[in-house]
Amino acid sequence: MAPTVTVLISGRGSNLIALHEKAQGYRVGAVISNRADAAGLSWAASHGIPTQVVSRESFASLAQHKEALLEAVKSTSPDLVALAGFMMILQPEFVEAFSGRLVNIHPSLLPKYPGLDTHARALAAGDSKHGASVHFVGTGLDTGPLIAQAVVPVLAGDTEEALAARTLTEEHKLYPWVVKCVANGAVKLEGDAVVWEERGRREAQSQGFQIPE
Ligand code: GRF
């Protein structure tokens, strides 16, 4: 059986769709959202993928909400957990429970621009390059060891929307590829270090993705 991936979303779910449609050597086994109105949830349900909602309103405290989220993810028995536009910071217990098996995609060349408005910030800074990063998840906002990046040019006259769209196209290629590599062991987390096997390095090069030295 292919390794299963539980995907956590809060919104439209375009990376979820890419993870499902481009899955190689893994399977999206479940989708969990902290928002009942996330568009990606109805897409998942209509594609026969089991869904769960764990919303903040259902719990008296943030701590209880985070505890319930961890239990929901554990209930899906995933091999890997992929955050895809999931707008919550996970508690250390969650990060620990899935250490080496928990990844996130972020629309910037981390460590630049953690948090929101990444495209506008890259434009405002006059950057010539922008892109997306996939990393193992740490306990801070968009922190944790970097696995791979896709770089896009910033073009003269770019708007935030144009740059976001160019970046998103790359996200949809980068994320399924990285998840495949984590699933098949081509890349691993050892302590705090990301260790790539040679086969993964070669693939990164042929696909035009950057991996840390
Ligand atoms: C993506 O840009 C992702 O990198 C970021 O949030 C956005 C989610 O978009 N973390 P979608 O829900 O996958 O369409």
# chains A, B, ... in the order shown; residues from 1 in each chain; ligands from 1
>>> select_by_dssp(residues="chain A", states="strand (DSSP E)", output="PDB file with C-alpha atoms, in the first residue's frame")
ATOM      1  CA  THR A   4      -0.889   7.927   2.980  1.00  0.00           C
ATOM      2  CA  VAL A   5      -0.810  11.679   3.388  1.00  0.00           C
ATOM      3  CA  THR A   6      -3.255  13.670   5.498  1.00  0.00           C
ATOM      4  CA  VAL A   7      -3.552  17.196   4.107  1.00  0.00           C
ATOM      5  CA  LEU A   8      -4.497  20.122   6.365  1.00  0.00           C
ATOM      6  CA  ILE A   9      -6.144  23.115   4.702  1.00  0.00           C
ATOM      7  CA  ARG A  27      -1.983   8.731  -1.684  1.00  0.00           C
ATOM      8  CA  VAL A  28      -3.963  11.605  -0.152  1.00  0.00           C
ATOM      9  CA  GLY A  29      -5.872   9.617   2.473  1.00  0.00           C
ATOM     10  CA  ALA A  30      -7.675  12.368   4.387  1.00  0.00           C
ATOM     11  CA  VAL A  31      -8.268  16.118   4.453  1.00  0.00           C
ATOM     12  CA  ILE A  32      -8.733  18.089   7.668  1.00  0.00           C
ATOM     13  CA  SER A  33      -9.676  21.751   7.901  1.00  0.00           C
ATOM     14  CA  THR A  51     -12.781  14.936   5.416  1.00  0.00           C
ATOM     15  CA  GLN A  52     -12.977  16.289   8.959  1.00  0.00           C
ATOM     16  CA  VAL A  53     -13.551  19.792  10.284  1.00  0.00           C
ATOM     17  CA  LEU A  80       2.901  11.910   6.261  1.00  0.00           C
ATOM     18  CA  VAL A  81       1.114  15.157   7.091  1.00  0.00           C
ATOM     19  CA  ALA A  82       1.145  18.021   4.558  1.00  0.00           C
ATOM     20  CA  LEU A  83       0.058  21.551   5.481  1.00  0.00           C
ATOM     21  CA  LEU A 102       5.296  16.885   8.635  1.00  0.00           C
ATOM     22  CA  VAL A 103       5.806  19.362   5.779  1.00  0.00           C
ATOM     23  CA  ASN A 104       4.535  22.806   4.785  1.00  0.00           C
ATOM     24  CA  ILE A 105       4.553  24.897   1.625  1.00  0.00           C
ATOM     25  CA  HIS A 106       5.096  28.634   1.835  1.00  0.00           C
ATOM     26  CA  LYS A 129      13.704  36.507  -7.613  1.00  0.00           C
ATOM     27  CA  HIS A 130      10.787  35.073  -5.705  1.00  0.00           C
ATOM     28  CA  GLY A 131       9.334  31.593  -5.304  1.00  0.00           C
ATOM     29  CA  ALA A 132       8.045  28.906  -3.007  1.00  0.00           C
ATOM     30  CA  SER A 133       9.597  26.762  -0.286  1.00  0.00           C
ATOM     31  CA  VAL A 134       8.734  23.388   1.202  1.00  0.00           C
ATOM     32  CA  HIS A 135      10.105  22.705   4.667  1.00  0.00           C
ATOM     33  CA  PHE A 136       9.787  20.299   7.550  1.00  0.00           C
ATOM     34  CA  LEU A 146      14.193  23.751   4.353  1.00  0.00           C
ATOM     35  CA  ILE A 147      13.705  20.846   1.931  1.00  0.00           C
ATOM     36  CA  ALA A 148      13.459  22.464  -1.520  1.00  0.00           C
ATOM     37  CA  GLN A 149      12.524  25.656  -3.341  1.00  0.00           C
ATOM     38  CA  ALA A 150      11.133  26.666  -6.724  1.00  0.00           C
ATOM     39  CA  VAL A 151      12.392  30.027  -7.956  1.00  0.00           C
ATOM     40  CA  VAL A 152      10.488  32.379 -10.270  1.00  0.00           C
ATOM     41  CA  PRO A 153      11.664  35.677 -11.749  1.00  0.00           C
ATOM     42  CA  VAL A 187      14.955  13.006   1.523  1.00  0.00           C
ATOM     43  CA  LYS A 188      14.926  12.647   5.304  1.00  0.00           C
ATOM     44  CA  LEU A 189      15.129  14.727   8.436  1.00  0.00           C
ATOM     45  CA  GLU A 190      18.046  13.609  10.627  1.00  0.00           C
ATOM     46  CA  ALA A 193      19.430  18.354   9.120  1.00  0.00           C
ATOM     47  CA  VAL A 194      17.712  17.658   5.810  1.00  0.00           C
ATOM     48  CA  VAL A 195      19.559  14.826   4.086  1.00  0.00           C
ATOM     49  CA  TRP A 196      19.025  14.250   0.362  1.00  0.00           C
TER      50      TRP A 196
END
>>> select_by_dssp(residues="segment 87-133 of chain A", states="alpha helix (DSSP H)", output="list in words")
Pro92, Glu93, Phe94, Val95, Glu96, Ala97, Thr118, His119, Ala120, Arg121, Ala122, Leu123 and Ala124 of chain A
>>> write_last_selection(atoms="C-alpha atoms", output="JSON list (two decimals), in the first residue's frame")
[["chain", "number", "residue", "atom", "x", "y", "z"],
["A", 92, "PRO", "CA", 5.10, 21.58, 19.89],
["A", 93, "GLU", "CA", 3.39, 18.27, 20.76],
["A", 94, "PHE", "CA", 2.00, 18.06, 17.20],
["A", 95, "VAL", "CA", 5.35, 18.90, 15.61],
["A", 96, "GLU", "CA", 7.01, 16.28, 17.82],
["A", 97, "ALA", "CA", 4.38, 13.60, 17.09],
["A", 118, "THR", "CA", 4.75, 37.47, 0.69],
["A", 119, "HIS", "CA", 4.30, 38.56, -2.95],
["A", 120, "ALA", "CA", 3.69, 42.20, -2.03],
["A", 121, "ARG", "CA", 6.69, 42.16, 0.28],
["A", 122, "ALA", "CA", 8.96, 40.72, -2.44],
["A", 123, "LEU", "CA", 7.76, 43.44, -4.86],
["A", 124, "ALA", "CA", 8.18, 46.20, -2.28]]
>>> residues_near_ligand(ligand="ligand 1", cutoff="9 Å", atoms="only C-alpha atoms and all ligand atoms", output="PyMOL selection string")
chain A and resi 9-18+38-40+83-87+104-108+115-116+132-134+142+164+167-168+171-172
>>> write_last_selection(atoms="N, CA and C atoms", output="mmCIF file, in the first residue's frame")
data_model
loop_
_atom_site.group_PDB
_atom_site.id
_atom_site.type_symbol
_atom_site.label_atom_id
_atom_site.label_comp_id
_atom_site.auth_asym_id
_atom_site.auth_seq_id
_atom_site.Cartn_x
_atom_site.Cartn_y
_atom_site.Cartn_z
ATOM 1 N N ILE A 9 -5.874 21.907 5.491
ATOM 2 C CA ILE A 9 -6.144 23.115 4.702
ATOM 3 C C ILE A 9 -7.000 24.093 5.515
ATOM 4 N N SER A 10 -6.987 25.363 5.058
ATOM 5 C CA SER A 10 -7.916 26.345 5.616
ATOM 6 C C SER A 10 -8.722 27.045 4.527
ATOM 7 N N GLY A 11 -8.388 26.807 3.247
ATOM 8 C CA GLY A 11 -9.021 27.621 2.207
ATOM 9 C C GLY A 11 -9.287 26.893 0.911
ATOM 10 N N ARG A 12 -8.854 27.534 -0.194
ATOM 11 C CA ARG A 12 -9.303 27.060 -1.518
ATOM 12 C C ARG A 12 -8.786 25.687 -1.879
ATOM 13 N N GLY A 13 -7.578 25.319 -1.411
ATOM 14 C CA GLY A 13 -7.124 23.944 -1.604
ATOM 15 C C GLY A 13 -6.474 23.632 -2.936
ATOM 16 N N SER A 14 -5.896 24.637 -3.605
ATOM 17 C CA SER A 14 -5.293 24.311 -4.906
ATOM 18 C C SER A 14 -4.061 23.414 -4.744
ATOM 19 N N ASN A 15 -3.318 23.589 -3.650
ATOM 20 C CA ASN A 15 -2.182 22.679 -3.426
ATOM 21 C C ASN A 15 -2.651 21.276 -3.055
ATOM 22 N N LEU A 16 -3.745 21.194 -2.328
ATOM 23 C CA LEU A 16 -4.350 19.881 -2.045
ATOM 24 C C LEU A 16 -4.682 19.163 -3.362
ATOM 25 N N ILE A 17 -5.304 19.896 -4.273
ATOM 26 C CA ILE A 17 -5.694 19.291 -5.555
ATOM 27 C C ILE A 17 -4.446 18.827 -6.313
ATOM 28 N N ALA A 18 -3.399 19.670 -6.310
ATOM 29 C CA ALA A 18 -2.153 19.278 -6.988
ATOM 30 C C ALA A 18 -1.557 18.031 -6.326
ATOM 31 N N ALA A 38 -13.979 25.971 4.042
ATOM 32 C CA ALA A 38 -12.831 25.858 3.130
ATOM 33 C C ALA A 38 -13.271 25.181 1.837
ATOM 34 N N ALA A 39 -13.008 25.835 0.713
ATOM 35 C CA ALA A 39 -13.462 25.294 -0.582
ATOM 36 C C ALA A 39 -12.843 23.926 -0.859
ATOM 37 N N GLY A 40 -11.620 23.718 -0.387
ATOM 38 C CA GLY A 40 -10.945 22.442 -0.619
ATOM 39 C C GLY A 40 -11.662 21.261 0.008
ATOM 40 N N LEU A 83 0.830 20.323 5.277
ATOM 41 C CA LEU A 83 0.058 21.551 5.481
ATOM 42 C C LEU A 83 -0.012 22.259 4.133
ATOM 43 N N ALA A 84 -1.221 22.646 3.735
ATOM 44 C CA ALA A 84 -1.392 23.269 2.419
ATOM 45 C C ALA A 84 -2.338 24.455 2.583
ATOM 46 N N GLY A 85 -1.753 25.607 2.929
ATOM 47 C CA GLY A 85 -2.592 26.776 3.201
ATOM 48 C C GLY A 85 -3.337 26.609 4.518
ATOM 49 N N PHE A 86 -2.675 25.983 5.495
ATOM 50 C CA PHE A 86 -3.296 25.745 6.799
ATOM 51 C C PHE A 86 -2.874 26.868 7.726
ATOM 52 N N MET A 87 -3.878 27.679 8.169
ATOM 53 C CA MET A 87 -3.571 28.942 8.830
ATOM 54 C C MET A 87 -3.585 28.835 10.354
ATOM 55 N N ASN A 104 5.360 21.631 5.094
ATOM 56 C CA ASN A 104 4.535 22.806 4.785
ATOM 57 C C ASN A 104 5.053 23.441 3.505
ATOM 58 N N ILE A 105 4.131 24.084 2.769
ATOM 59 C CA ILE A 105 4.553 24.897 1.625
ATOM 60 C C ILE A 105 4.266 26.354 1.931
ATOM 61 N N HIS A 106 5.220 27.202 1.551
ATOM 62 C CA HIS A 106 5.096 28.634 1.835
ATOM 63 C C HIS A 106 5.491 29.417 0.585
ATOM 64 N N PRO A 107 4.717 30.468 0.239
ATOM 65 C CA PRO A 107 4.993 31.173 -1.015
ATOM 66 C C PRO A 107 6.041 32.274 -0.900
ATOM 67 N N SER A 108 7.239 31.888 -0.501
ATOM 68 C CA SER A 108 8.386 32.809 -0.548
ATOM 69 C C SER A 108 9.644 31.960 -0.530
ATOM 70 N N GLY A 115 5.084 34.301 7.083
ATOM 71 C CA GLY A 115 3.820 35.013 7.329
ATOM 72 C C GLY A 115 3.104 35.372 6.037
ATOM 73 N N LEU A 116 2.309 36.431 6.105
ATOM 74 C CA LEU A 116 1.389 36.770 5.006
ATOM 75 C C LEU A 116 1.997 37.784 4.028
ATOM 76 N N ALA A 132 8.749 29.666 -4.034
ATOM 77 C CA ALA A 132 8.045 28.906 -3.007
ATOM 78 C C ALA A 132 9.026 27.960 -2.336
ATOM 79 N N SER A 133 8.737 27.648 -1.073
ATOM 80 C CA SER A 133 9.597 26.762 -0.286
ATOM 81 C C SER A 133 8.762 25.653 0.340
ATOM 82 N N VAL A 134 9.340 24.460 0.399
ATOM 83 C CA VAL A 134 8.734 23.388 1.202
ATOM 84 C C VAL A 134 9.735 23.049 2.298
ATOM 85 N N ASP A 142 6.132 29.440 9.899
ATOM 86 C CA ASP A 142 6.890 29.131 8.675
ATOM 87 C C ASP A 142 8.371 28.865 8.952
ATOM 88 N N ALA A 164 1.899 36.279 -7.721
ATOM 89 C CA ALA A 164 1.276 35.183 -6.960
ATOM 90 C C ALA A 164 0.915 34.026 -7.883
ATOM 91 N N THR A 167 3.997 32.147 -9.024
ATOM 92 C CA THR A 167 4.525 31.347 -7.904
ATOM 93 C C THR A 167 3.650 30.118 -7.665
ATOM 94 N N LEU A 168 2.331 30.315 -7.714
ATOM 95 C CA LEU A 168 1.410 29.207 -7.428
ATOM 96 C C LEU A 168 1.572 28.071 -8.442
ATOM 97 N N GLU A 171 4.340 26.161 -7.172
ATOM 98 C CA GLU A 171 3.968 25.431 -5.948
ATOM 99 C C GLU A 171 3.340 24.090 -6.307
ATOM 100 N N HIS A 172 2.490 24.130 -7.341
ATOM 101 C CA HIS A 172 1.740 22.924 -7.716
ATOM 102 C C HIS A 172 2.633 21.845 -8.316
#
>>> closest_residue(among="A:Val154, A:His65, A:Phe209, A:Phe59", to="Tyr175 of chain A", atoms="only C-alpha atoms")
A:Phe209
>>> closest_residue(among="A:Ala68, A:Val54, A:Ala44, A:Ala162", to="Glu21 of chain A", atoms="only C-alpha atoms")
A:Ala44
>>> atom_distance(atom1="atom CA of Gln205 of chain A", atom2="atom CA of Asp158 of chain A")
27.1 Å
>>> closest_residue(among="A:Met88, A:Lys74, A:Ala23, A:Ala156", to="Asp127 of chain A", atoms="only C-alpha atoms")
A:Ala156
>>> closest_residue(among="A:Gly100, A:Pro111, A:Pro176, A:Gly157", to="Asp192 of chain A", atoms="only C-alpha atoms")
A:Gly100
>>> atom_distance(atom1="atom CA of His20 of chain A", atom2="atom CA of Lys180 of chain A")
11.3 Å
>>> decode(residues="segment 41-80 of chain A", atoms="N, CA and C atoms", output="mmCIF file, in the first residue's frame")
data_model
loop_
_atom_site.group_PDB
_atom_site.id
_atom_site.type_symbol
_atom_site.label_atom_id
_atom_site.label_comp_id
_atom_site.auth_asym_id
_atom_site.auth_seq_id
_atom_site.Cartn_x
_atom_site.Cartn_y
_atom_site.Cartn_z
ATOM 1 N N LEU A 41 -12.473 21.514 1.028
ATOM 2 C CA LEU A 41 -13.200 20.422 1.696
ATOM 3 C C LEU A 41 -14.236 19.803 0.771
ATOM 4 N N SER A 42 -15.003 20.661 0.099
ATOM 5 C CA SER A 42 -16.046 20.105 -0.772
ATOM 6 C C SER A 42 -15.410 19.431 -1.981
ATOM 7 N N TRP A 43 -14.273 19.996 -2.442
ATOM 8 C CA TRP A 43 -13.565 19.318 -3.543
ATOM 9 C C TRP A 43 -13.165 17.901 -3.087
ATOM 10 N N ALA A 44 -12.582 17.801 -1.876
ATOM 11 C CA ALA A 44 -12.130 16.494 -1.379
ATOM 12 C C ALA A 44 -13.310 15.529 -1.257
ATOM 13 N N ALA A 45 -14.394 16.008 -0.657
ATOM 14 C CA ALA A 45 -15.564 15.140 -0.470
ATOM 15 C C ALA A 45 -16.068 14.640 -1.821
ATOM 16 N N SER A 46 -16.059 15.514 -2.824
ATOM 17 C CA SER A 46 -16.577 15.106 -4.133
ATOM 18 C C SER A 46 -15.597 14.175 -4.857
ATOM 19 N N HIS A 47 -14.383 14.033 -4.331
ATOM 20 C CA HIS A 47 -13.425 13.096 -4.915
ATOM 21 C C HIS A 47 -13.227 11.866 -4.030
ATOM 22 N N GLY A 48 -14.138 11.673 -3.102
ATOM 23 C CA GLY A 48 -14.130 10.458 -2.290
ATOM 24 C C GLY A 48 -13.041 10.428 -1.232
ATOM 25 N N ILE A 49 -12.495 11.598 -0.898
ATOM 26 C CA ILE A 49 -11.449 11.643 0.140
ATOM 27 C C ILE A 49 -12.128 12.007 1.464
ATOM 28 N N PRO A 50 -11.925 11.202 2.514
ATOM 29 C CA PRO A 50 -12.575 11.496 3.801
ATOM 30 C C PRO A 50 -12.135 12.856 4.351
ATOM 31 N N THR A 51 -13.088 13.602 4.886
ATOM 32 C CA THR A 51 -12.781 14.936 5.416
ATOM 33 C C THR A 51 -13.217 15.043 6.881
ATOM 34 N N GLN A 52 -12.562 15.946 7.594
ATOM 35 C CA GLN A 52 -12.977 16.289 8.959
ATOM 36 C C GLN A 52 -12.806 17.790 9.127
ATOM 37 N N VAL A 53 -13.678 18.377 9.928
ATOM 38 C CA VAL A 53 -13.551 19.792 10.284
ATOM 39 C C VAL A 53 -13.318 19.872 11.790
ATOM 40 N N VAL A 54 -12.299 20.616 12.167
ATOM 41 C CA VAL A 54 -12.018 20.844 13.592
ATOM 42 C C VAL A 54 -11.950 22.362 13.754
ATOM 43 N N SER A 55 -13.100 22.974 14.038
ATOM 44 C CA SER A 55 -13.118 24.445 14.014
ATOM 45 C C SER A 55 -12.995 25.024 15.417
ATOM 46 N N ARG A 56 -12.415 26.202 15.462
ATOM 47 C CA ARG A 56 -12.135 26.874 16.739
ATOM 48 C C ARG A 56 -13.399 27.078 17.564
ATOM 49 N N GLU A 57 -14.517 27.384 16.875
ATOM 50 C CA GLU A 57 -15.772 27.683 17.573
ATOM 51 C C GLU A 57 -16.277 26.497 18.404
ATOM 52 N N SER A 58 -15.858 25.291 18.052
ATOM 53 C CA SER A 58 -16.369 24.114 18.764
ATOM 54 C C SER A 58 -15.667 23.872 20.095
ATOM 55 N N PHE A 59 -14.663 24.701 20.415
ATOM 56 C CA PHE A 59 -13.876 24.443 21.624
ATOM 57 C C PHE A 59 -13.788 25.682 22.493
ATOM 58 N N ALA A 60 -13.769 25.451 23.816
ATOM 59 C CA ALA A 60 -13.753 26.573 24.755
ATOM 60 C C ALA A 60 -12.428 27.322 24.711
ATOM 61 N N SER A 61 -11.347 26.602 24.497
ATOM 62 C CA SER A 61 -10.037 27.271 24.520
ATOM 63 C C SER A 61 -9.226 26.879 23.293
ATOM 64 N N LEU A 62 -8.227 27.713 23.014
ATOM 65 C CA LEU A 62 -7.319 27.423 21.899
ATOM 66 C C LEU A 62 -6.567 26.118 22.167
ATOM 67 N N ALA A 63 -6.215 25.904 23.438
ATOM 68 C CA ALA A 63 -5.481 24.683 23.784
ATOM 69 C C ALA A 63 -6.319 23.443 23.463
ATOM 70 N N GLN A 64 -7.608 23.504 23.779
ATOM 71 C CA GLN A 64 -8.492 22.360 23.477
ATOM 72 C C GLN A 64 -8.635 22.166 21.964
ATOM 73 N N HIS A 65 -8.711 23.280 21.252
ATOM 74 C CA HIS A 65 -8.808 23.191 19.789
ATOM 75 C C HIS A 65 -7.581 22.493 19.219
ATOM 76 N N LYS A 66 -6.408 22.893 19.684
ATOM 77 C CA LYS A 66 -5.164 22.308 19.160
ATOM 78 C C LYS A 66 -5.049 20.829 19.527
ATOM 79 N N GLU A 67 -5.513 20.501 20.737
ATOM 80 C CA GLU A 67 -5.510 19.093 21.173
ATOM 81 C C GLU A 67 -6.410 18.258 20.258
ATOM 82 N N ALA A 68 -7.594 18.798 19.963
ATOM 83 C CA ALA A 68 -8.551 18.079 19.108
ATOM 84 C C ALA A 68 -8.002 17.919 17.691
ATOM 85 N N LEU A 69 -7.291 18.935 17.234
ATOM 86 C CA LEU A 69 -6.700 18.852 15.896
ATOM 87 C C LEU A 69 -5.688 17.710 15.836
ATOM 88 N N LEU A 70 -4.855 17.635 16.856
ATOM 89 C CA LEU A 70 -3.853 16.557 16.897
ATOM 90 C C LEU A 70 -4.548 15.193 16.922
ATOM 91 N N GLU A 71 -5.600 15.066 17.723
ATOM 92 C CA GLU A 71 -6.328 13.791 17.794
ATOM 93 C C GLU A 71 -6.955 13.451 16.446
ATOM 94 N N ALA A 72 -7.503 14.467 15.762
ATOM 95 C CA ALA A 72 -8.133 14.228 14.455
ATOM 96 C C ALA A 72 -7.097 13.722 13.461
ATOM 97 N N VAL A 73 -5.933 14.348 13.459
ATOM 98 C CA VAL A 73 -4.889 13.919 12.515
ATOM 99 C C VAL A 73 -4.441 12.501 12.869
ATOM 100 N N LYS A 74 -4.238 12.233 14.166
ATOM 101 C CA LYS A 74 -3.832 10.872 14.570
ATOM 102 C C LYS A 74 -4.873 9.843 14.158
ATOM 103 N N SER A 75 -6.158 10.229 14.202
ATOM 104 C CA SER A 75 -7.231 9.277 13.872
ATOM 105 C C SER A 75 -7.173 8.838 12.410
ATOM 106 N N THR A 76 -6.460 9.607 11.565
ATOM 107 C CA THR A 76 -6.349 9.224 10.150
ATOM 108 C C THR A 76 -5.122 8.335 9.902
ATOM 109 N N SER A 77 -4.338 8.062 10.943
ATOM 110 C CA SER A 77 -3.128 7.210 10.859
ATOM 111 C C SER A 77 -2.260 7.509 9.633
ATOM 112 N N PRO A 78 -1.849 8.761 9.459
ATOM 113 C CA PRO A 78 -1.098 9.089 8.247
ATOM 114 C C PRO A 78 0.367 8.659 8.322
ATOM 115 N N ASP A 79 0.938 8.374 7.161
ATOM 116 C CA ASP A 79 2.393 8.227 7.097
ATOM 117 C C ASP A 79 3.035 9.610 7.079
ATOM 118 N N LEU A 80 2.403 10.534 6.337
ATOM 119 C CA LEU A 80 2.901 11.910 6.261
ATOM 120 C C LEU A 80 1.753 12.876 6.490
#
